[in-house]
Amino acid sequence: MDLGEAYRGKRVLLTGHTGFKGAWLVLWLRRLGAEVGAVALPPGTEPNLWSALGLEKEVRSEYADIRDSGRLRALVDTFRPELVFHLAAQALVLPSYEDPVGTFATNLMGTVNLLEACRHQPSIRAMVVVTSDKCYRQPGRRPFREDDPLGGEDPYSASKACAELATAAYRHSYFQEGVGLATVRAGNVIGGGDWAAHRLVPDLVRAFQQGRTPGIRRPEARRPWQHVLDPLDGYLRLGAKLAAEPGPWSGPWNVGPTPEQAWTVAQVADACCRAWGGTASWIREDTPSGLEAERLELDGSRIQERLGWTPRWTVEAAIERSVRWYRAFADGVPARVLCETDLEARG
């Protein structure tokens, strides 16, 4: 598939562009020649990838809260997008325990607000709603498939399951004719430019840069890991298919890594230590039990068979590339140069 041909000159609306995945996706869309409109809260960390990339003059960026339905409807009506990628979210498990109301308001009602705004906008041809691998009912005895039951034993996971249900209801009720609407469930993404707290690789890198030995919670937990560019490639390819032929491509999709990429937290931490070098190491951190699922794995066979999409980089390669990115950024190499290099390397 020629993504440049699919997106060149298209008006694409993206929510959550100030986040880690969102900033990467904006850069990729601009490289493809898309006209990008973007809606998000101001960046939540300093540094942050959105500011570091310097894309403000190339994008119609608006700081707005997706919980504000009136403002969101006005922005959609003004920009008149052809494709929509919805990434805006409260994206972390531990903060969801601290603010469950805000988590549900953003992840469920923010999604509903966007769906409601988009169903009244005749320019839209396709929507990709990003949820999470944590939307499935736990525990998992095998890799989750798209038709497995949804659920969630913590506010974040449950809010993402709710977003899936709301999107399915809108798809069946309002988006049957001429508009493709899909949800995508990726694994744990890593890559340069993520400075969020409570994420494994950024926490490790911060500690290594400060000469500390980081504590790791639940090192035996297993997760599907992938470089950020892998799921974004899946989102872009799916969006193009949805716009061209809505019916066969609408619905839920796992955009996750292969079974070999389901690593324990300890394995990822060890690989980060190897990539960093020197005396880098980690220790177990005591954390109350029951906060997060012990095992998460995705079955990505559907998208691999139907769309021909597969992850390009192994977990080891993704970790090495991520550590290299952070080291180079700390040495003064601009974030845009580093991200462009990764995009070129991916091909």
# chains A, B, ... in the order shown; residues from 1 in each chain; ligands from 1
>>> select_by_dssp(residues="region 39-288 of chain A", states="helix (DSSP H, G or I)", output="JSON, numbers by chain")
{"A": [49, 50, 51, 52, 53, 56, 57, 58, 69, 70, 71, 72, 73, 74, 75, 76, 77, 78, 79, 93, 94, 95, 96, 97, 98, 100, 101, 102, 103, 104, 105, 106, 107, 108, 109, 110, 111, 112, 113, 114, 115, 116, 117, 118, 119, 133, 134, 135, 155, 156, 157, 158, 159, 160, 161, 162, 163, 164, 165, 166, 167, 168, 169, 170, 171, 172, 173, 174, 200, 201, 202, 203, 204, 205, 206, 207, 208, 209, 229, 230, 231, 232, 233, 234, 235, 236, 237, 238, 239, 240, 241, 242, 243, 244, 246, 247, 248, 249, 259, 260, 261, 265, 266, 267, 268, 269, 270, 271, 272, 273, 274, 275, 276]}
>>> residues_around(residues="region 111-126 of chain A", least_positions_apart="3", cutoff="8 Å", atoms="only C-alpha atoms", output="ChimeraX atom specification")
/A:66-69,72-73,76-77,80-84,86,106-108,163,166-167,170,174-175,178-181,239,242-243,246
>>> closest_atom_pairs(of="region 51-160 of chain A", to="region 23-38 of chain A", cutoff="7 Å", atoms="only C-alpha atoms", output="JSON lines")
{"residue": "A:Val59", "atom": "CA", "partner": "A:Val36", "partner_atom": "CA", "distance": 5.4}
{"residue": "A:Arg60", "atom": "CA", "partner": "A:Gly37", "partner_atom": "CA", "distance": 4.6}
{"residue": "A:Ser61", "atom": "CA", "partner": "A:Ala38", "partner_atom": "CA", "distance": 4.7}
{"residue": "A:Glu62", "atom": "CA", "partner": "A:Ala38", "partner_atom": "CA", "distance": 6.1}
{"residue": "A:Phe79", "atom": "CA", "partner": "A:Gly37", "partner_atom": "CA", "distance": 6.8}
>>> residues_around(residues="Trp195 (chain A)", least_positions_apart="4", cutoff="9 Å", atoms="only C-alpha atoms", output="PyMOL selection string")
chain A and resi 20+45-49+199+202-203+206
>>> residues_around(residues="region 304-315 of chain A", least_positions_apart="5", cutoff="8 Å", atoms="only C-alpha atoms", output="list in words")
Trp225, Gln226, His227, Asp230, Pro231, Gly234, Arg237, Leu238, Gly256, Pro257, Thr258, Gln261 and Arg346 of chain A
>>> atom_distance(atom1="CA of Ser96 (chain A)", atom2="CA of Gly215 (chain A)")
20.9 Å
>>> select_by_dssp(residues="region 21-264 of chain A", states="strand (DSSP E)", output="PyMOL selection string")
chain A and resi 35-40+60-63+83-86+126-130+180-186+188-190+215-217+222-227+251-255+262-264
>>> residues_around(residues="Ile216 (chain A)", least_positions_apart="4", cutoff="9 Å", atoms="only C-alpha atoms", output="NGL selection string")
:A and (200 or 204 or 265-266 or 269 or 282-286)
>>> atom_distance(atom1="CA of Glu220 (chain A)", atom2="CA of Gly44 (chain A)")
29.3 Å
>>> atom_distance(atom1="CA of Ser173 (chain A)", atom2="CA of Val129 (chain A)")
16.3 Å
>>> closest_residue(among="A:Gly151, A:Glu297, A:Ile319, A:Leu92", to="Arg274 (chain A)", atoms="only C-alpha atoms")
A:Ile319
>>> residues_around(residues="region 278-280 of chain A", least_positions_apart="6", cutoff="9 Å", atoms="only C-alpha atoms", output="JSON, numbers by chain")
{"A": [208, 211, 212, 213, 272]}
>>> write_last_selection(atoms="all heavy atoms", output="tab-separated table (two decimals), in the first residue's frame")
chain	number	residue	atom	x	y	z
A	208	PHE	N	18.59	5.98	34.77
A	208	PHE	CA	19.95	5.79	34.28
A	208	PHE	C	20.64	7.12	34.06
A	208	PHE	O	21.84	7.28	34.37
A	208	PHE	CB	19.92	4.99	32.96
A	208	PHE	CG	19.37	3.60	33.07
A	208	PHE	CD1	18.89	2.94	31.94
A	208	PHE	CD2	19.32	2.93	34.29
A	208	PHE	CE1	18.40	1.65	32.03
A	208	PHE	CE2	18.81	1.64	34.39
A	208	PHE	CZ	18.34	1.01	33.25
A	211	GLY	N	21.85	8.46	37.25
A	211	GLY	CA	22.75	7.58	38.00
A	211	GLY	C	22.08	6.80	39.10
A	211	GLY	O	22.75	6.35	40.04
A	212	ARG	N	20.74	6.62	39.01
A	212	ARG	CA	19.99	5.88	40.02
A	212	ARG	C	19.73	4.45	39.57
A	212	ARG	O	19.76	4.15	38.38
A	212	ARG	CB	18.65	6.56	40.31
A	212	ARG	CG	18.74	7.94	40.90
A	212	ARG	CD	17.36	8.45	41.29
A	212	ARG	NE	16.51	8.76	40.14
A	212	ARG	CZ	15.50	8.02	39.73
A	212	ARG	NH1	15.18	6.88	40.36
A	212	ARG	NH2	14.77	8.38	38.68
A	213	THR	N	19.45	3.59	40.53
A	213	THR	CA	18.99	2.23	40.23
A	213	THR	C	17.48	2.22	40.39
A	213	THR	O	16.96	2.35	41.51
A	213	THR	CB	19.63	1.21	41.18
A	213	THR	OG1	21.05	1.24	41.03
A	213	THR	CG2	19.12	-0.19	40.89
A	272	CYS	N	16.95	-3.08	28.45
A	272	CYS	CA	17.27	-1.65	28.58
A	272	CYS	C	18.63	-1.46	29.25
A	272	CYS	O	19.41	-0.58	28.85
A	272	CYS	CB	16.19	-0.93	29.37
A	272	CYS	SG	14.68	-0.59	28.44
>>> closest_residue(among="A:Ala196, A:Val130, A:Ala6, A:Ala271", to="Lys241 (chain A)", atoms="only C-alpha atoms")
A:Ala6
>>> residues_around(residues="Glu146 (chain A)", least_positions_apart="3", cutoff="9 Å", atoms="only C-alpha atoms", output="VMD selection string")
chain A and resid 136 149 185 252 to 254 298 to 300 302
>>> write_last_selection(atoms="all heavy atoms", output="tab-separated table (two decimals), in the first residue's frame")
chain	number	residue	atom	x	y	z
A	136	TYR	N	-9.90	-5.92	27.32
A	136	TYR	CA	-10.46	-7.26	27.41
A	136	TYR	C	-10.70	-7.68	28.86
A	136	TYR	O	-9.99	-7.25	29.77
A	136	TYR	CB	-9.52	-8.27	26.75
A	136	TYR	CG	-9.42	-8.12	25.26
A	136	TYR	CD1	-8.30	-7.53	24.67
A	136	TYR	CD2	-10.44	-8.57	24.43
A	136	TYR	CE1	-8.19	-7.40	23.29
A	136	TYR	CE2	-10.35	-8.44	23.05
A	136	TYR	CZ	-9.22	-7.86	22.49
A	136	TYR	OH	-9.12	-7.72	21.14
A	149	PRO	N	-14.62	-11.38	25.17
A	149	PRO	CA	-15.40	-10.45	25.99
A	149	PRO	C	-14.57	-9.25	26.45
A	149	PRO	O	-13.39	-9.37	26.76
A	149	PRO	CB	-15.83	-11.31	27.19
A	149	PRO	CG	-15.75	-12.71	26.71
A	149	PRO	CD	-14.61	-12.74	25.73
A	185	ARG	N	-6.58	-1.85	18.94
A	185	ARG	CA	-6.08	-2.24	20.26
A	185	ARG	C	-4.62	-2.65	20.09
A	185	ARG	O	-4.32	-3.72	19.56
A	185	ARG	CB	-6.91	-3.40	20.80
A	185	ARG	CG	-8.41	-3.10	20.82
A	185	ARG	CD	-9.26	-4.36	20.81
A	185	ARG	NE	-10.69	-4.05	20.79
A	185	ARG	CZ	-11.65	-4.96	20.71
A	185	ARG	NH1	-11.34	-6.25	20.62
A	185	ARG	NH2	-12.92	-4.60	20.70
A	252	PRO	N	-13.54	-3.92	15.24
A	252	PRO	CA	-12.37	-3.92	16.10
A	252	PRO	C	-11.18	-4.65	15.48
A	252	PRO	O	-11.36	-5.67	14.80
A	252	PRO	CB	-12.86	-4.65	17.35
A	252	PRO	CG	-13.88	-5.61	16.83
A	252	PRO	CD	-14.54	-4.93	15.66
A	253	TRP	N	-9.97	-4.16	15.77
A	253	TRP	CA	-8.75	-4.76	15.25
A	253	TRP	C	-7.67	-4.76	16.33
A	253	TRP	O	-7.42	-3.72	16.95
A	253	TRP	CB	-8.22	-3.98	14.05
A	253	TRP	CG	-9.13	-3.98	12.86
A	253	TRP	CD1	-10.16	-3.13	12.62
A	253	TRP	CD2	-9.09	-4.90	11.75
A	253	TRP	NE1	-10.77	-3.44	11.44
A	253	TRP	CE2	-10.13	-4.52	10.88
A	253	TRP	CE3	-8.27	-5.98	11.44
A	253	TRP	CZ2	-10.38	-5.20	9.69
A	253	TRP	CZ3	-8.52	-6.65	10.24
A	253	TRP	CH2	-9.56	-6.27	9.39
A	254	ASN	N	-7.03	-5.90	16.52
A	254	ASN	CA	-5.80	-5.95	17.32
A	254	ASN	C	-4.63	-5.55	16.43
A	254	ASN	O	-4.38	-6.22	15.42
A	254	ASN	CB	-5.55	-7.35	17.86
A	254	ASN	CG	-6.48	-7.73	18.99
A	254	ASN	OD1	-7.07	-6.88	19.64
A	254	ASN	ND2	-6.64	-9.02	19.22
A	298	LEU	N	-1.88	-10.23	22.80
A	298	LEU	CA	-2.83	-10.00	21.73
A	298	LEU	C	-2.64	-10.99	20.59
A	298	LEU	O	-1.50	-11.31	20.23
A	298	LEU	CB	-2.68	-8.58	21.18
A	298	LEU	CG	-3.09	-7.43	22.10
A	298	LEU	CD1	-2.76	-6.10	21.43
A	298	LEU	CD2	-4.57	-7.50	22.44
A	299	ASP	N	-3.74	-11.45	20.02
A	299	ASP	CA	-3.71	-12.25	18.81
A	299	ASP	C	-3.91	-11.30	17.63
A	299	ASP	O	-5.00	-10.80	17.40
A	299	ASP	CB	-4.83	-13.30	18.86
A	299	ASP	CG	-4.83	-14.22	17.64
A	299	ASP	OD1	-4.23	-13.86	16.62
A	299	ASP	OD2	-5.44	-15.30	17.73
A	300	GLY	N	-2.84	-11.06	16.88
A	300	GLY	CA	-2.90	-10.13	15.75
A	300	GLY	C	-3.09	-10.81	14.41
A	300	GLY	O	-2.85	-10.19	13.36
A	302	ARG	N	-5.68	-11.58	12.69
A	302	ARG	CA	-6.71	-11.05	11.78
A	302	ARG	C	-6.14	-9.94	10.91
A	302	ARG	O	-6.31	-9.95	9.69
A	302	ARG	CB	-7.90	-10.55	12.60
A	302	ARG	CG	-9.04	-9.99	11.76
A	302	ARG	CD	-10.30	-9.79	12.59
A	302	ARG	NE	-11.38	-9.22	11.81
A	302	ARG	CZ	-11.80	-7.97	11.92
A	302	ARG	NH1	-11.22	-7.14	12.78
A	302	ARG	NH2	-12.78	-7.52	11.17
>>> closest_residue(among="A:Phe104, A:Lys57, A:Ala64, A:Gly4", to="Pro42 (chain A)", atoms="only C-alpha atoms")
A:Ala64
>>> closest_residue(among="A:Leu232, A:Glu316, A:Ala158, A:Gln176", to="Trp249 (chain A)", atoms="only C-alpha atoms")
A:Gln176
>>> closest_residue(among="A:Gly187, A:Ala240, A:Cys339, A:Thr264", to="Phe144 (chain A)", atoms="only C-alpha atoms")
A:Gly187
